[in-house]
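Heads up: the structure comes next, in structure tokens.
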Amino acid sequence: MATSSNGVFDVDAFLVTVSEGISVISPSKGQAVFSQGAPADALFYIQKGKIKITTVSRHGKEAVVAILGAGDFFGEGCLTGQPRRISTAIAMVASSISRLDKATVIRVLHDQPDFTERFLAYLLARNSRMEADLIDQLFNSSEKRLARLLLLLANFGKEDAPEPVVTNVSHETLAEMIGTTRSRVSFFMNKFRKLGLIDYNGTLRVHSSLLGVVLHDGPHAVHSSKAADLDQDFE
């Protein structure tokens with residue numbers, strides 16, 4: 001059984017043992033892994049890098065649906081009878097990704113219960129995240145939505161968090177993800193910095209005190225040594 005040193009199922013190690021129906025692709029920064037409207041015929045697993053999922057409406061408006069990192073799956077729509085991709089997946093940095101043909105995924109899910117358990121746990125966690133995103137969008141201010149997004153990008157709340165996030169996320173992308181304008185994002189980023197909730201000068205540091213913006217009606221600057229480095233370019 002492919003397990004890591006802490007006893008957790010190791011997807012990377014397991015995928016090496018899959019003999020057929022799998023390949024490794026290495027998209028460069030800005031390269032699409034798949035495009036909206038393309039055949040939905042495979043599941044993808046990020047070994048290294050960062051992937052942005054976007055979708056475009058019939059009127060040409062683009063929205064950023066998610067930003068995914070190492071250990072995340074995407075393209076699971078192929079397993080639900082989805083004939084065509086409803087989104088586009090773009091590498092934000094040079095990445096390494098395992099591509100599993102649909103038939104291979106079905107076989108592995110049937111034959112390998114440890115992989116199935118890991119995959120289902122990921123889907124359930126992602127579903128919970130999507131529900132939280134919807135609630136956030138419906139009831140919270142853009143300031144709170146931005147604070148929550150920064151904390152998520154810095155991996156606060158995960159077992160091994162915080163961890164470095166090595167990718168460039170512009171104000172424009174952040175605005176698309178929380179449903180506001182770039183100017184509003186810039187305003188709040190400057191406000192968070194002045195309050196000591198974040199620091200950025202080429203490298204962004206998100207402090208746990210930013211949680212105060214999410215948990216309360218307004219920012220509550222709480223001094224904390226707990227912070228995460230995000231190598232991001234915030235212009």
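Letters A, B, ... mark the chains of the structure tokens in the order given; residue numbers begin at 1 per chain; ligand numbers begin at 1, in order shown.
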Run DSSP on the backbone of this structure and report the residues of segment 38-104 of chain A it assigns to helix (DSSP H, G or I), as a list in words. Glu76, Gly77, Cys78, Leu79, Thr80, Lys102, Ala103 and Thr104 of chain A
As an MDAnalysis selection string, list the residues of segment 7-188 of chain A assigned to strand (DSSP E) by DSSP on the backbone atoms of this structure. chainID A and resid 22:25 32:34 42:48 50:56 62:69 73:74 88:91 96:101 165:166
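With only C-alpha atoms as the atoms that count, the minimum distance from Glu20 of chain A to the choices A:Thr104, A:Gln112, A:Gln47, A:Ser96 is reached by A:Thr104.
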Applying 9 Å and only C-alpha atoms, which residues near segment 26-42 of chain A remain after dropping the ones on its own chain fewer than 5 positions away? List them as an mmCIF file with N, CA and C atoms, in the first residue's frame.
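Result went into out16.cif, see below:
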data_model
loop_
_atom_site.group_PDB
_atom_site.id
_atom_site.type_symbol
_atom_site.label_atom_id
_atom_site.label_comp_id
_atom_site.auth_asym_id
_atom_site.auth_seq_id
_atom_site.Cartn_x
_atom_site.Cartn_y
_atom_site.Cartn_z
ATOM 1 N N ILE A 51 -2.780 25.511 -10.589
ATOM 2 C CA ILE A 51 -3.706 25.543 -11.717
ATOM 3 C C ILE A 51 -4.864 26.493 -11.416
ATOM 4 N N THR A 54 -11.012 28.500 -14.799
ATOM 5 C CA THR A 54 -11.841 29.640 -15.211
ATOM 6 C C THR A 54 -12.992 29.162 -16.093
ATOM 7 N N THR A 55 -14.017 29.979 -16.177
ATOM 8 C CA THR A 55 -15.128 29.690 -17.083
ATOM 9 C C THR A 55 -15.581 30.989 -17.729
ATOM 10 N N VAL A 56 -16.072 30.891 -18.944
ATOM 11 C CA VAL A 56 -16.509 32.070 -19.705
ATOM 12 C C VAL A 56 -17.985 31.918 -20.047
ATOM 13 N N GLY A 75 -10.956 18.167 -13.072
ATOM 14 C CA GLY A 75 -11.454 17.478 -14.260
ATOM 15 C C GLY A 75 -12.344 16.300 -13.942
ATOM 16 N N GLU A 76 -12.847 16.224 -12.687
ATOM 17 C CA GLU A 76 -13.655 15.073 -12.270
ATOM 18 C C GLU A 76 -15.023 15.030 -12.940
ATOM 19 N N GLY A 77 -15.371 16.077 -13.681
ATOM 20 C CA GLY A 77 -16.639 16.080 -14.399
ATOM 21 C C GLY A 77 -16.771 14.930 -15.383
ATOM 22 N N CYS A 78 -15.628 14.384 -15.821
ATOM 23 C CA CYS A 78 -15.663 13.263 -16.759
ATOM 24 C C CYS A 78 -16.335 12.038 -16.149
ATOM 25 N N LEU A 79 -16.387 11.968 -14.818
ATOM 26 C CA LEU A 79 -16.958 10.811 -14.133
ATOM 27 C C LEU A 79 -18.458 10.947 -13.899
ATOM 28 N N GLY A 81 -20.661 11.946 -16.325
ATOM 29 C CA GLY A 81 -21.369 11.969 -17.599
ATOM 30 C C GLY A 81 -21.247 13.287 -18.335
ATOM 31 N N GLN A 82 -20.375 14.153 -17.859
ATOM 32 C CA GLN A 82 -20.162 15.441 -18.516
ATOM 33 C C GLN A 82 -19.401 15.216 -19.824
ATOM 34 N N PRO A 83 -20.019 15.460 -20.977
ATOM 35 C CA PRO A 83 -19.343 15.169 -22.248
ATOM 36 C C PRO A 83 -18.281 16.199 -22.626
ATOM 37 N N ARG A 84 -18.488 17.447 -22.230
ATOM 38 C CA ARG A 84 -17.565 18.526 -22.583
ATOM 39 C C ARG A 84 -17.148 19.294 -21.336
ATOM 40 N N ARG A 85 -15.959 19.871 -21.383
ATOM 41 C CA ARG A 85 -15.472 20.661 -20.257
ATOM 42 C C ARG A 85 -16.294 21.943 -20.138
ATOM 43 N N ILE A 86 -16.676 22.276 -18.913
ATOM 44 C CA ILE A 86 -17.429 23.505 -18.693
ATOM 45 C C ILE A 86 -16.508 24.618 -18.182
ATOM 46 N N SER A 87 -15.224 24.330 -18.140
ATOM 47 C CA SER A 87 -14.262 25.325 -17.671
ATOM 48 C C SER A 87 -12.930 25.103 -18.371
ATOM 49 N N THR A 88 -12.013 26.029 -18.145
ATOM 50 C CA THR A 88 -10.658 25.944 -18.684
ATOM 51 C C THR A 88 -9.676 25.849 -17.532
ATOM 52 N N ALA A 89 -8.675 24.989 -17.657
ATOM 53 C CA ALA A 89 -7.641 24.827 -16.631
ATOM 54 C C ALA A 89 -6.317 25.338 -17.188
ATOM 55 N N ILE A 90 -5.742 26.324 -16.508
ATOM 56 C CA ILE A 90 -4.517 26.971 -16.992
ATOM 57 C C ILE A 90 -3.440 26.896 -15.922
ATOM 58 N N ALA A 91 -2.239 26.537 -16.312
ATOM 59 C CA ALA A 91 -1.114 26.490 -15.378
ATOM 60 C C ALA A 91 -0.677 27.912 -15.029
ATOM 61 N N MET A 92 -0.611 28.226 -13.746
ATOM 62 C CA MET A 92 -0.173 29.541 -13.307
ATOM 63 C C MET A 92 1.341 29.605 -13.172
ATOM 64 N N VAL A 93 1.950 28.450 -13.008
ATOM 65 C CA VAL A 93 3.404 28.301 -12.983
ATOM 66 C C VAL A 93 3.719 26.996 -13.696
ATOM 67 N N ALA A 94 4.981 26.755 -13.996
ATOM 68 C CA ALA A 94 5.368 25.468 -14.567
ATOM 69 C C ALA A 94 4.938 24.362 -13.610
ATOM 70 N N SER A 95 4.219 23.377 -14.134
ATOM 71 C CA SER A 95 3.599 22.375 -13.273
ATOM 72 C C SER A 95 3.868 20.959 -13.778
ATOM 73 N N SER A 96 3.643 19.999 -12.895
ATOM 74 C CA SER A 96 3.720 18.583 -13.234
ATOM 75 C C SER A 96 2.400 17.944 -12.824
ATOM 76 N N ILE A 97 1.710 17.336 -13.803
ATOM 77 C CA ILE A 97 0.349 16.865 -13.581
ATOM 78 C C ILE A 97 0.173 15.451 -14.135
ATOM 79 N N SER A 98 -0.445 14.594 -13.339
ATOM 80 C CA SER A 98 -0.785 13.249 -13.809
ATOM 81 C C SER A 98 -2.150 13.290 -14.489
ATOM 82 N N ARG A 99 -2.210 12.699 -15.681
ATOM 83 C CA ARG A 99 -3.478 12.619 -16.426
ATOM 84 C C ARG A 99 -3.926 11.162 -16.468
ATOM 85 N N LEU A 100 -5.115 10.895 -15.928
ATOM 86 C CA LEU A 100 -5.655 9.543 -15.904
ATOM 87 C C LEU A 100 -6.857 9.460 -16.829
ATOM 88 N N ASP A 101 -6.785 8.558 -17.820
ATOM 89 C CA ASP A 101 -7.920 8.360 -18.705
ATOM 90 C C ASP A 101 -9.152 7.968 -17.895
ATOM 91 N N LYS A 102 -10.320 8.328 -18.381
ATOM 92 C CA LYS A 102 -11.567 8.046 -17.676
ATOM 93 C C LYS A 102 -11.699 6.564 -17.332
ATOM 94 N N ALA A 103 -11.410 5.683 -18.300
ATOM 95 C CA ALA A 103 -11.530 4.246 -18.059
ATOM 96 C C ALA A 103 -10.579 3.791 -16.961
ATOM 97 N N THR A 104 -9.392 4.383 -16.921
ATOM 98 C CA THR A 104 -8.414 4.032 -15.889
ATOM 99 C C THR A 104 -8.893 4.466 -14.516
ATOM 100 N N VAL A 105 -9.457 5.661 -14.429
ATOM 101 C CA VAL A 105 -9.971 6.160 -13.150
ATOM 102 C C VAL A 105 -11.066 5.234 -12.630
#
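For the pair atom CA of Glu62 of chain A and atom CA of Asp199 of chain A, the interatomic distance is 29.2 Å.
Atom pair atom CA of Glu131 of chain A / atom CA of Ala66 of chain A has a distance of 13.1 Å (rounded to one decimal).
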Mind dumping a table of every segment 30-119 of chain A residue within 10 Å of segment 143-155 of chain A, with the nearest atom pair and its distance in Å to one decimal, using only C-alpha atoms, sorted by chain and rising number, as JSON lines?
{"residue": "A:Ile67", "atom": "CA", "partner": "A:Leu153", "partner_atom": "CA", "distance": 8.2}
{"residue": "A:Leu68", "atom": "CA", "partner": "A:Leu153", "partner_atom": "CA", "distance": 9.2}
{"residue": "A:Gly69", "atom": "CA", "partner": "A:Leu153", "partner_atom": "CA", "distance": 9.5}
Would you save the residues of that selection, restricted to N, CA, C and O atoms, as a PDB file, in the first residue's frame?
ATOM      1  N   ILE A  67      -8.437  28.184  -7.607  1.00  0.00           N
ATOM      2  CA  ILE A  67      -6.996  28.071  -7.772  1.00  0.00           C
ATOM      3  C   ILE A  67      -6.573  26.829  -6.997  1.00  0.00           C
ATOM      4  O   ILE A  67      -6.798  26.735  -5.789  1.00  0.00           O
ATOM      5  N   LEU A  68      -5.980  25.866  -7.694  1.00  0.00           N
ATOM      6  CA  LEU A  68      -5.646  24.574  -7.110  1.00  0.00           C
ATOM      7  C   LEU A  68      -4.134  24.385  -7.054  1.00  0.00           C
ATOM      8  O   LEU A  68      -3.404  24.938  -7.874  1.00  0.00           O
ATOM      9  N   GLY A  69      -3.696  23.575  -6.090  1.00  0.00           N
ATOM     10  CA  GLY A  69      -2.267  23.350  -5.922  1.00  0.00           C
ATOM     11  C   GLY A  69      -1.935  21.875  -5.802  1.00  0.00           C
ATOM     12  O   GLY A  69      -2.779  20.998  -6.024  1.00  0.00           O
TER      13      GLY A  69
END
Kindly give the distance, in Å, that separates atom CA of Phe119 of chain A and atom CA of Thr80 of chain A, rounded to a single decimal. 14.3 Å
